[in-house]
Amino acid sequence: MKLLKKTHSLCPICLKTIEADVYDDGEKVIIKKECPEHGDFEDIYWSDSDLYKRFLKYQIPGDPIDNPNTTREKGCPYDCGLCNEHKTHTMLGLIDVTNRCNFHCPICFANAEAAGYVCEPTIEQIRVMMKLFREEEPVPADSLMLAGGEPTVREDIIEIVKMAKMLGFKWILVATNGKRIAEDINFTMQLKEAGMNIVYLQFDGLTPEVYEKTRGFNAWPLKQKAIENLKKVDIATTLVPTVVKGLNDDQVGDIIMYGVKNIEIVKSVNFQPVSFTGRISKEGLKKKRYTIPDLIRDVEKQTDGQIKKEDWFPIPAIAPLEKLVEKMFDKRIMKSSTHVHCGAGLYAFEDKGELIPMSHFIDLDAVANIFKEEMKKPQDLHSIKVKLKILARLIKTVDTASAPSYFSWKEMFKAYLTSKEGYKAPKNVVRKAIFIGSMHFMDPYNFDTQRVERCCIHYATPDGRIIPFCAYNSIHRQNVEKKFAKPISNR
Ligand code: SF4
Ligand code: SF4
C-alpha cells in the first residue's frame, strides 16, 4: 500500500470531519479513515490506480469567485457557502423547486413522502436564489438546472423557466422523470417556448425489470414516449442513468447506443454511479461500490471497444482551450477547475451507426500543448495571421483517415476564423456529436474535502447560500429543508 495523499473526509455515522488517507493498493485507490467514536472505515475511492494517476496530470489551479458569501470558520464542508476558500465558481447552478414528486420510487429518500414534509420555495424565493448565481463575480453563472423532487409538478414551472431566462441564464435545464413530458406534448412545447433548452431525463435502462426495481413500476414505455415527444418538440436531451452494480451496470453500452440512435435530440448521456445515502455494512460497501473506472471498463466492454479507456478525460482537460478563448476574446470566462477525480467525459461522433470518439482522430494532449504554448507567446491572438498559424499546427494533430466521413477541415477552418465571441463547431458536426460523461457524487463513505472544495455544481438555498452539491446532499440538505418545511397536508 502506497500513500497517495492525506485529506479529510466524514465519519459516516456522526458526520464529523475526520482525517483520511488515500492509498494505492497496486490496483485500486482506497480511502481509509478513523472516527475516534465510531471506528475504522475503508472504501474504494477509484477502482483503477493507473487511471487515477493519468487524470492527476490535468489538475489546474483553483479559479474561485471574487464575492464569497461566507468565511471559513468551522472547516470544510461546514462553512458553505460559497466560503472564501472554495476554489471553483458555479458552472451549473441547481435549484430544488419542490420535493414533491409524481413517482413513488422505492430507492428515493428525498421526496416529500419519504421525508414527511413538503419543501417548496415560493417563486419570489426562487428569484432570489437565481440572483445569487447571476451575481457571482467576475463571471455570473449562466447554466441553471431546475430540480426536485419532480420540478414539473409545480403549476408555475413555466413561469419559473421564464424568470430564469429573463435573469440571463443561457442554459436552462429541467431535471425530470419524464412523466409530464410523455403525457402532455403541449406542456413540453410550453417549456421550450419559455426558454428551457435541455431536458435532463432520468433514464435507468432499457428494460422493464430495471424500472420495476428503481421506480417501483415499469416506466420503460413512459421513457420511450417522453423521447418521442422530445423529438417532436426538438429539445436537446441528456439521458441520466443512475448506475447500480448488479442492477443496470450491464446496460451502460446499450444506453449509449440508444442515445446514438436518437442523436438528433440526445446530445449527452451522463452516468451517475450510485451514492449511498443511508448506512451500509463494510461488506455491502465493498460489494456495491461502483466508481468511474468501473463504468469506463464496462463501457469499453459493452460497446465492443468503440469507446476505450484512453478516450476518457477529466473535466479540467478542457482548461487550456478555456484559457486560450479567454485571451482570444478578451473576456473572463469560467475555468474548469473541478477536481480531476469528480468526473470524466468524452465527445464522440456518430458515423453510419458507429461511434468515433474524438480522441481516435485528434491527439487531444497535443492540441492542449499547442494552446498552452501559443498562449505564452507575445502575439495578437485576434490577428488572422496568428489564427492561421495556430490552425496550421492544429491540423497536424488530426488523423483525417480515422475521422468521421462528414468531418470537413474547410468548415472547421471557416468557423474558427469567423467566430466573434467563442468558437462554435459547424452545425453538421454538432448534429452528429454526443457527449458521454460521468460524475460520481460523493457520500459520507468516500467523501473527500479536496474534491468538494473544487466542486462546480452548486445548490442555491432559500437561506441565501450557495452550497456545493456533495456537501449539500451529505451534510446540509436536511437542515436547510427543515427550516422551510411545511406539513404535507398543507398542500
Ligand atoms: S465545500 Fe466549499 S464552500 Fe463549503 S466549506 Fe468547503 S470550501 Fe467552503
Ligand atoms: S457534485 Fe460532487 S462529484 Fe460533482 S464536482 Fe461537485 S464535489 Fe465533485
# chains A, B, ... in the order shown; residues from 1 in each chain; ligands from 1
call {"tool": "residues_near_ligand", "arguments": {"ligand": "ligand 2", "cutoff": "9 Å", "atoms": "only C-alpha atoms and all ligand atoms", "output": "ChimeraX atom specification"}}
result
/A:338-343,439-443,447-458,468-471
call {"tool": "residues_near_ligand", "arguments": {"ligand": "ligand 1", "cutoff": "6 Å", "atoms": "only C-alpha atoms and all ligand atoms", "output": "list in words"}}
result
Cys76, Pro77, Tyr78, Asp79, Cys80, Gly81, Leu82, Cys83, Glu85, His86, Val452, Glu453, Pro468 and Ala471 of chain A
call {"tool": "residues_around", "arguments": {"residues": "Leu146 of chain A", "least_positions_apart": "3", "cutoff": "12 Å", "atoms": "only C-alpha atoms", "output": "MDAnalysis selection string"}}
result
chainID A and resid 92:99 126 129:130 143 149:154 157:158 160:164 169 171:176 191 196:200 458:460
call {"tool": "closest_residue", "arguments": {"among": "A:Ile235, A:Thr242, A:Gly168, A:Pro357", "to": "Asp204 of chain A", "atoms": "only C-alpha atoms"}}
result
A:Thr242
call {"tool": "select_by_dssp", "arguments": {"residues": "segment 15-58 of chain A", "states": "strand (DSSP E)", "output": "number ranges by chain"}}
result
A: 17-24, 29-35, 39-46
call {"tool": "write_last_selection", "arguments": {"atoms": "C-alpha atoms", "output": "mmCIF file, in the first residue's frame"}}
result
data_model
loop_
_atom_site.group_PDB
_atom_site.id
_atom_site.type_symbol
_atom_site.label_atom_id
_atom_site.label_comp_id
_atom_site.auth_asym_id
_atom_site.auth_seq_id
_atom_site.Cartn_x
_atom_site.Cartn_y
_atom_site.Cartn_z
ATOM 1 C CA THR A 17 -14.962 15.880 9.667
ATOM 2 C CA ILE A 18 -12.085 13.437 10.218
ATOM 3 C CA GLU A 19 -8.639 12.871 8.709
ATOM 4 C CA ALA A 20 -8.396 10.365 5.881
ATOM 5 C CA ASP A 21 -5.593 8.694 3.932
ATOM 6 C CA VAL A 22 -5.809 7.752 0.284
ATOM 7 C CA TYR A 23 -3.717 4.714 -0.736
ATOM 8 C CA ASP A 24 -2.759 2.880 -3.890
ATOM 9 C CA VAL A 29 -7.193 3.527 -4.848
ATOM 10 C CA ILE A 30 -8.567 3.148 -1.325
ATOM 11 C CA ILE A 31 -9.698 5.726 1.234
ATOM 12 C CA LYS A 32 -9.173 4.885 4.930
ATOM 13 C CA LYS A 33 -10.198 6.864 7.971
ATOM 14 C CA GLU A 34 -10.895 6.502 11.654
ATOM 15 C CA CYS A 35 -13.508 8.249 13.769
ATOM 16 C CA GLY A 39 -14.106 3.279 14.464
ATOM 17 C CA ASP A 40 -12.431 2.497 11.119
ATOM 18 C CA PHE A 41 -13.864 2.896 7.670
ATOM 19 C CA GLU A 42 -12.476 1.848 4.312
ATOM 20 C CA ASP A 43 -13.888 2.353 0.831
ATOM 21 C CA ILE A 44 -12.831 2.148 -2.817
ATOM 22 C CA TYR A 45 -12.046 5.698 -3.896
ATOM 23 C CA TRP A 46 -11.221 4.968 -7.535
#
call {"tool": "residues_around", "arguments": {"residues": "Thr303 of chain A", "least_positions_apart": "2", "cutoff": "9 Å", "atoms": "only C-alpha atoms", "output": "PDB file with C-alpha atoms, in the first residue's frame"}}
result
ATOM      1  CA  VAL A 252     -24.401   1.070 -19.984  1.00  0.00           C
ATOM      2  CA  GLY A 253     -23.288   0.217 -23.542  1.00  0.00           C
ATOM      3  CA  ASP A 254     -26.880  -0.213 -24.727  1.00  0.00           C
ATOM      4  CA  ILE A 256     -25.125   4.867 -25.088  1.00  0.00           C
ATOM      5  CA  MET A 257     -26.205   3.189 -28.319  1.00  0.00           C
ATOM      6  CA  ASP A 298     -17.996  -1.577 -18.680  1.00  0.00           C
ATOM      7  CA  VAL A 299     -18.440   0.947 -21.483  1.00  0.00           C
ATOM      8  CA  GLU A 300     -15.378  -0.416 -23.309  1.00  0.00           C
ATOM      9  CA  LYS A 301     -16.633  -3.983 -22.963  1.00  0.00           C
ATOM     10  CA  GLY A 305     -14.211  -1.294 -27.861  1.00  0.00           C
ATOM     11  CA  GLN A 306     -15.776   1.618 -29.751  1.00  0.00           C
ATOM     12  CA  ILE A 307     -15.086   3.713 -26.625  1.00  0.00           C
ATOM     13  CA  LYS A 308     -11.827   2.821 -24.904  1.00  0.00           C
ATOM     14  CA  LEU A 355     -19.318   5.808 -32.638  1.00  0.00           C
TER      15      LEU A 355
END
call {"tool": "atom_distance", "arguments": {"atom1": "atom CA of Asn186 of chain A", "atom2": "atom CA of Lys232 of chain A"}}
result
10.7 Å
call {"tool": "residues_around", "arguments": {"residues": "Ile333 of chain A", "least_positions_apart": "3", "cutoff": "8 Å", "atoms": "only C-alpha atoms", "output": "ChimeraX atom specification"}}
result
/A:139,322,326
call {"tool": "write_last_selection", "arguments": {"atoms": "C-alpha atoms", "output": "PDB file, in the first residue's frame"}}
result
ATOM      1  CA  VAL A 139     -18.287  35.578 -14.143  1.00  0.00           C
ATOM      2  CA  GLU A 322     -10.775  27.919 -21.994  1.00  0.00           C
ATOM      3  CA  GLU A 326     -10.366  33.948 -22.703  1.00  0.00           C
TER       4      GLU A 326
END
call {"tool": "closest_residue", "arguments": {"among": "A:Met328, A:Val429, A:Met334, A:Val398", "to": "Gln379 of chain A", "atoms": "only C-alpha atoms"}}
result
A:Met328
call {"tool": "closest_residue", "arguments": {"among": "A:Lys414, A:His8, A:Lys245, A:Ala485", "to": "Lys286 of chain A", "atoms": "only C-alpha atoms"}}
result
A:Lys245
call {"tool": "select_by_dssp", "arguments": {"residues": "segment 139-366 of chain A", "states": "alpha helix (DSSP H)", "output": "number ranges by chain"}}
result
A: 157-166, 179-183, 185-194, 208-215, 220-233, 252-261, 282-288, 292-302, 319-328, 364-366
call {"tool": "residues_around", "arguments": {"residues": "Asn177 of chain A", "least_positions_apart": "5", "cutoff": "8 Å", "atoms": "only C-alpha atoms", "output": "ChimeraX atom specification"}}
result
/A:103,150,201-203
